[in-house]
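For reference, the structure is listed below as structure tokens.
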Amino acid sequence: MTTRIVELRRGILKKNDELAAGLRNRFTASGVIVLNLVSSPGTGKTAFLERTLRELRVRGANAAALVGDLETDNDARRLAASGAPVRQINTHGICHLDAEMITKNLDAWQDIALAGLNYLFIENVGNLVCPSSYDLGERIRVALLSVTEGEDKPLKYPGLFNSADAAVITKIDIAGPCGFDRDLALRNINEIRPGIRVFETSAKTGAGMEEWLTFLAEQARPA
Amino acid sequence: MHELSIAASIVEAVTETAAAYPGARVKEVRLRLGALSSVIADSLQFCWQIATEDSPLAGSVLVIHQLPVIVHCEKCGVDSQLGGVQSLRCPRCGEIAADLRQGRELEIESIEIDEPGPEDAAIGASSPAEERI
């Protein structure tokens with residue numbers, strides 16, 4: 001017997017990263033801006049996305065959504081009411097979406113042409129840990145946090161907040177009754193991901209949506 | 001929570017590599033895990049036996065090198081290791097330091113394998129004869 005050390009020096013999720021790189025090339029070639037929305041269950045990702053899809057439609061932008069859940073197509077049905085094309089991904093127990101699921105679902109999605117889209121939103125499974133490891137080929141990863149969750153969420157889940165490109169605070173219409181400390185929340189986000197853009201929104205009243213939609217429009221402009 | 005998926009990805013990658021060494025047994029798998037990788041070392045260890053069962057990695061040991069966060073401070077021009085992951089600030093001057101130099105690693109560093117040597121081949125060749133006796 002001879003003992004040998006074999007150097008690998010490779011990412012554990014290399015396969016996922018390669019698929020994600022392929023997706024990113026595809027998205028860039030099609031000119032579609034892809035956003036990966038990540039948060040805890042109950043933050044209001046679906047309500048925020050519903051409002052975003054509606055508002056984008058009013059502005060004449062073409063947007064579609066892929067929505068991940070363990071089970072049910074409830075979210076897809078809610079989102080489809082906006083008029084946007086929506087496809088549900090059921091992970092059947094898996095706690096995150098990965099690049100393979102996105103690839104398969106895009107390939108199987110007959111009535112969608114990436115080239116005709118301005119935006120594709122991927123609503124990840126509600127989870128603040130696991131989705132942070134999986135690149136889906138998105139251009140912008142958005143971490144959402146609601147005023148009901150506590151201002152220290154970014155400190156409790158630094159891996160995810162650190163990997164985000166933008167942060168959205170949801171349900172600000174009930175910030176008062178929740179005793180939400182806005183300054184503390186903003187400070188905590190900034191400690192984990194310094195300089196990140198933060199949007200303070202309410203899908204119910206529409207507060208902050210204008211700023212968010214302006215941000216989306218800015219992304220669409222050629223750099 | 002996704003450590004079993006991570007463990008399965010490691011088994012897949014190492015099995016591929018080990019296939020280049022016929023007859024070898026994987027003894028050890030060494031990982032580099034950053035403090036911001038969102039993977040819990042203890043949970044990964046817990047999943048290891050289940051993930052490697054009935055695979056060429058069965059019985060192997062998982063060695064995890066945990067890497068602290070290192071940030072680069074613009075102001076000081078220095079890289080510093082952080083004691084935790086609660087605040088990306090330079091420990092020297094206290095300024096925000098967004099430039100992450102280490103901490104997101106999720107890598108297989110190396111594997112240690114036992115390869116059958118020439119003496120093992122000789123034993124292998126003589127054994128059928130021994131069986132006949």
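Every chain in the structure tokens takes a letter, A first, then B, and so on in the order presented; its residues are numbered from 1, and the ligands are numbered from 1 following the presented order.
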Considering only C-alpha atoms, tabulate each residue of chain A that lies at most 9 Å from chain B along with its nearest interatomic pair and the corresponding distance in Å to one decimal; arrange the rows by chain and ascending residue number and present them as CSV.
```
residue,atom,partner,partner_atom,distance
A:Met1,CA,B:Pro116,CA,4.6
A:Thr2,CA,B:Glu115,CA,5.1
A:Thr3,CA,B:Asp114,CA,4.5
A:Arg4,CA,B:Ile113,CA,5.3
A:Ile5,CA,B:Glu112,CA,4.5
A:Val6,CA,B:Ile111,CA,5.2
A:Glu7,CA,B:Ser110,CA,4.2
A:Leu8,CA,B:Ser110,CA,4.9
A:Arg9,CA,B:Glu109,CA,4.4
A:Arg10,CA,B:Ile108,CA,5.5
A:Gly11,CA,B:Glu107,CA,4.3
A:Ile12,CA,B:Glu107,CA,5.0
A:Leu13,CA,B:Ser9,CA,6.6
A:Lys14,CA,B:Ala13,CA,8.7
A:Lys15,CA,B:Ser9,CA,8.4
A:Ile94,CA,B:His2,CA,7.9
A:Cys95,CA,B:His2,CA,6.8
A:His96,CA,B:His2,CA,8.0
A:Val129,CA,B:Ser38,CA,5.9
A:Cys130,CA,B:His2,CA,5.7
A:Pro131,CA,B:His2,CA,8.8
A:Ser132,CA,B:Ser38,CA,7.0
A:Ser133,CA,B:Ser37,CA,6.8
A:Pro154,CA,B:Gln86,CA,8.5
A:Leu155,CA,B:Gln86,CA,5.4
A:Lys156,CA,B:Gln86,CA,8.0
A:Tyr157,CA,B:Ser38,CA,8.1
A:Pro158,CA,B:Val85,CA,6.7
A:Gly159,CA,B:Leu36,CA,4.6
A:Leu160,CA,B:Ser38,CA,7.4
A:Asn162,CA,B:Leu36,CA,7.8
A:Ser163,CA,B:Leu36,CA,8.9
A:Asn188,CA,B:Ser87,CA,8.1
A:Asn190,CA,B:Ser87,CA,8.5
A:Glu191,CA,B:Ser87,CA,4.7
A:Ile192,CA,B:Ser87,CA,5.5
A:Arg193,CA,B:Ala98,CA,6.7
A:Pro194,CA,B:Ala98,CA,5.5
A:Gly195,CA,B:Ala98,CA,7.8
```
Could you please take those selected residues and save C-alpha atoms as a compact mmCIF listing (two decimals), in the first residue's frame?
```txt
# COMPACT_ATOMS: atom_id res chain seq x y z
CA MET A 1 0.00 0.00 0.00
CA THR A 2 1.17 3.50 -0.82
CA THR A 3 -0.48 6.52 0.67
CA ARG A 4 -0.92 9.43 -1.67
CA ILE A 5 -2.35 12.92 -1.24
CA VAL A 6 -4.33 14.08 -4.25
CA GLU A 7 -4.86 17.84 -4.45
CA LEU A 8 -8.32 18.80 -5.69
CA ARG A 9 -8.63 22.49 -4.82
CA ARG A 10 -12.09 22.73 -6.29
CA GLY A 11 -15.36 24.18 -5.16
CA ILE A 12 -17.68 21.68 -3.53
CA LEU A 13 -20.48 23.12 -5.63
CA LYS A 14 -18.41 23.29 -8.83
CA LYS A 15 -21.13 21.51 -10.83
CA ILE A 94 -35.17 20.37 -0.73
CA CYS A 95 -34.60 23.62 1.12
CA HIS A 96 -33.17 25.71 -1.74
CA VAL A 129 -29.30 29.71 5.16
CA CYS A 130 -29.11 27.22 2.31
CA PRO A 131 -29.94 29.39 -0.73
CA SER A 132 -26.83 31.49 -0.04
CA SER A 133 -24.52 28.67 -1.26
CA PRO A 154 -28.70 40.15 9.20
CA LEU A 155 -26.44 39.40 12.18
CA LYS A 156 -28.04 36.00 12.70
CA TYR A 157 -27.73 35.04 9.02
CA PRO A 158 -24.58 36.83 7.89
CA GLY A 159 -23.77 34.32 5.13
CA LEU A 160 -26.88 35.17 3.22
CA ASN A 162 -23.22 39.11 2.89
CA SER A 163 -23.91 37.39 -0.44
CA ASN A 188 -27.02 45.79 11.01
CA ASN A 190 -24.53 47.66 6.68
CA GLU A 191 -22.28 45.85 9.19
CA ILE A 192 -22.68 42.58 7.27
CA ARG A 193 -22.79 43.94 3.73
CA PRO A 194 -21.32 47.43 3.77
CA GLY A 195 -22.62 49.81 1.13
```
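Omitting range 206-208 of chain A and its sequence neighbours fewer than 5 positions away, and counting only C-alpha atoms, the residues within 10 Å are Phe48, Arg51, Thr52, Glu55, Val168, Ile169, Thr170, Lys171, Ile172, Asp173, Phe199, Glu200, Thr201 and Leu213 of chain A.
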Picked from range 99-164 of chain A by DSSP as strand (DSSP E or B), as a list in words:
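DSSP on the backbone gives strand (DSSP E or B) at Tyr119, Leu120, Phe121, Ile122, Glu123, Ile140, Arg141, Val142, Ala143, Leu144, Leu145 and Ser146 of chain A.
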Excluding Ala217 in chain A and any residue of its chain fewer than 4 positions from it, enumerate the residues within 10 Å of it, using only C-alpha atoms, and give them as number ranges by chain.
A: 56, 61, 118-119, 211-213, 221
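Of the residues listed (B:Leu62, B:Ile40, B:Ala19, B:Cys93), B:Cys93 shows the shortest atom-to-atom separation from Cys76 in chain B; distances use only C-alpha atoms.
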Could you tell me how far CA of Glu100 in chain A lies from CA of Leu19 in chain A, in Å and to one decimal?
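Taking CA of Glu100 in chain A as the start and CA of Leu19 in chain A as the end point, the length is 6.7 Å.
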Identify, with DSSP run on backbone atoms, the residues in chain B assigned to helix (DSSP H, G or I), and express the list as a PDB file with C-alpha atoms, in the first residue's frame.
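Done, and the output landed in selection_26.pdb:
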```pdb
ATOM      1  CA  GLU B   3     -25.436  19.862   4.666  1.00  0.00           C
ATOM      2  CA  LEU B   4     -26.655  16.526   3.303  1.00  0.00           C
ATOM      3  CA  SER B   5     -26.816  18.061  -0.199  1.00  0.00           C
ATOM      4  CA  ILE B   6     -23.320  19.486   0.347  1.00  0.00           C
ATOM      5  CA  ALA B   7     -22.050  16.097   1.555  1.00  0.00           C
ATOM      6  CA  ALA B   8     -23.569  14.420  -1.525  1.00  0.00           C
ATOM      7  CA  SER B   9     -21.776  16.952  -3.779  1.00  0.00           C
ATOM      8  CA  ILE B  10     -18.468  16.151  -2.057  1.00  0.00           C
ATOM      9  CA  VAL B  11     -19.002  12.399  -2.472  1.00  0.00           C
ATOM     10  CA  GLU B  12     -19.754  12.902  -6.175  1.00  0.00           C
ATOM     11  CA  ALA B  13     -16.656  15.056  -6.761  1.00  0.00           C
ATOM     12  CA  VAL B  14     -14.293  12.803  -4.811  1.00  0.00           C
ATOM     13  CA  THR B  15     -15.653   9.629  -6.437  1.00  0.00           C
ATOM     14  CA  GLU B  16     -14.873  11.170  -9.842  1.00  0.00           C
ATOM     15  CA  THR B  17     -11.319  12.012  -8.801  1.00  0.00           C
ATOM     16  CA  ALA B  18     -10.702   8.671  -7.110  1.00  0.00           C
ATOM     17  CA  ALA B  41     -19.093  21.895  10.158  1.00  0.00           C
ATOM     18  CA  ASP B  42     -20.776  19.781  12.866  1.00  0.00           C
ATOM     19  CA  SER B  43     -23.846  19.139  10.701  1.00  0.00           C
ATOM     20  CA  LEU B  44     -21.638  18.193   7.780  1.00  0.00           C
ATOM     21  CA  GLN B  45     -19.735  15.712   9.976  1.00  0.00           C
ATOM     22  CA  PHE B  46     -23.040  14.324  11.175  1.00  0.00           C
ATOM     23  CA  CYS B  47     -24.170  13.740   7.560  1.00  0.00           C
ATOM     24  CA  TRP B  48     -20.858  12.266   6.411  1.00  0.00           C
ATOM     25  CA  GLN B  49     -21.482   8.647   7.319  1.00  0.00           C
ATOM     26  CA  ILE B  50     -24.947   8.654   5.738  1.00  0.00           C
ATOM     27  CA  ALA B  51     -23.675  10.351   2.576  1.00  0.00           C
ATOM     28  CA  THR B  52     -20.702   8.021   2.130  1.00  0.00           C
ATOM     29  CA  PRO B 118       3.506  -3.616  -6.552  1.00  0.00           C
ATOM     30  CA  GLU B 119       3.652  -5.973  -3.547  1.00  0.00           C
ATOM     31  CA  ASP B 120      -0.162  -5.967  -3.364  1.00  0.00           C
ATOM     32  CA  ALA B 121      -0.340  -6.862  -7.071  1.00  0.00           C
ATOM     33  CA  ALA B 122       1.984  -9.820  -6.426  1.00  0.00           C
ATOM     34  CA  ILE B 123      -0.218 -11.062  -3.598  1.00  0.00           C
ATOM     35  CA  GLY B 124      -3.239 -10.597  -5.827  1.00  0.00           C
ATOM     36  CA  ALA B 125      -1.658 -12.683  -8.600  1.00  0.00           C
ATOM     37  CA  SER B 126      -0.728 -15.563  -6.326  1.00  0.00           C
ATOM     38  CA  SER B 127      -4.003 -15.785  -4.446  1.00  0.00           C
ATOM     39  CA  PRO B 128      -6.022 -17.726  -7.070  1.00  0.00           C
ATOM     40  CA  ALA B 129      -3.274 -20.357  -7.018  1.00  0.00           C
ATOM     41  CA  GLU B 130      -3.490 -20.522  -3.237  1.00  0.00           C
ATOM     42  CA  GLU B 131      -7.222 -20.993  -3.512  1.00  0.00           C
ATOM     43  CA  ARG B 132      -6.766 -23.985  -5.766  1.00  0.00           C
TER      44      ARG B 132
END
```
Can you pull out every residue within 8 Å of Leu144 in chain A, counting only C-alpha atoms, but drop anything in the same chain fewer than 5 positions away, and send it as number ranges by chain?
A: 37-40, 43, 45, 167-170
Write out as a PyMOL selection string each polymer residue whose atoms come within 9 Å of Phe27 in chain A, counting only C-alpha atoms; drop sequence neighbours fewer than 4 positions from it.
chain A and resi 22-23+31-34+114-115+137-139
Just want the 7 Å neighbourhood of range 68-73 of chain A, counted on only C-alpha atoms, with same-chain residues fewer than 6 positions away dropped. Output as an MDAnalysis selection string.
chainID A and resid 88:94 97 123:125
Atom pair CA of Ala84 in chain A / CA of Leu53 in chain A: separation (Å)
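For CA of Ala84 in chain A relative to CA of Leu53 in chain A, the distance reads 6.7 Å.
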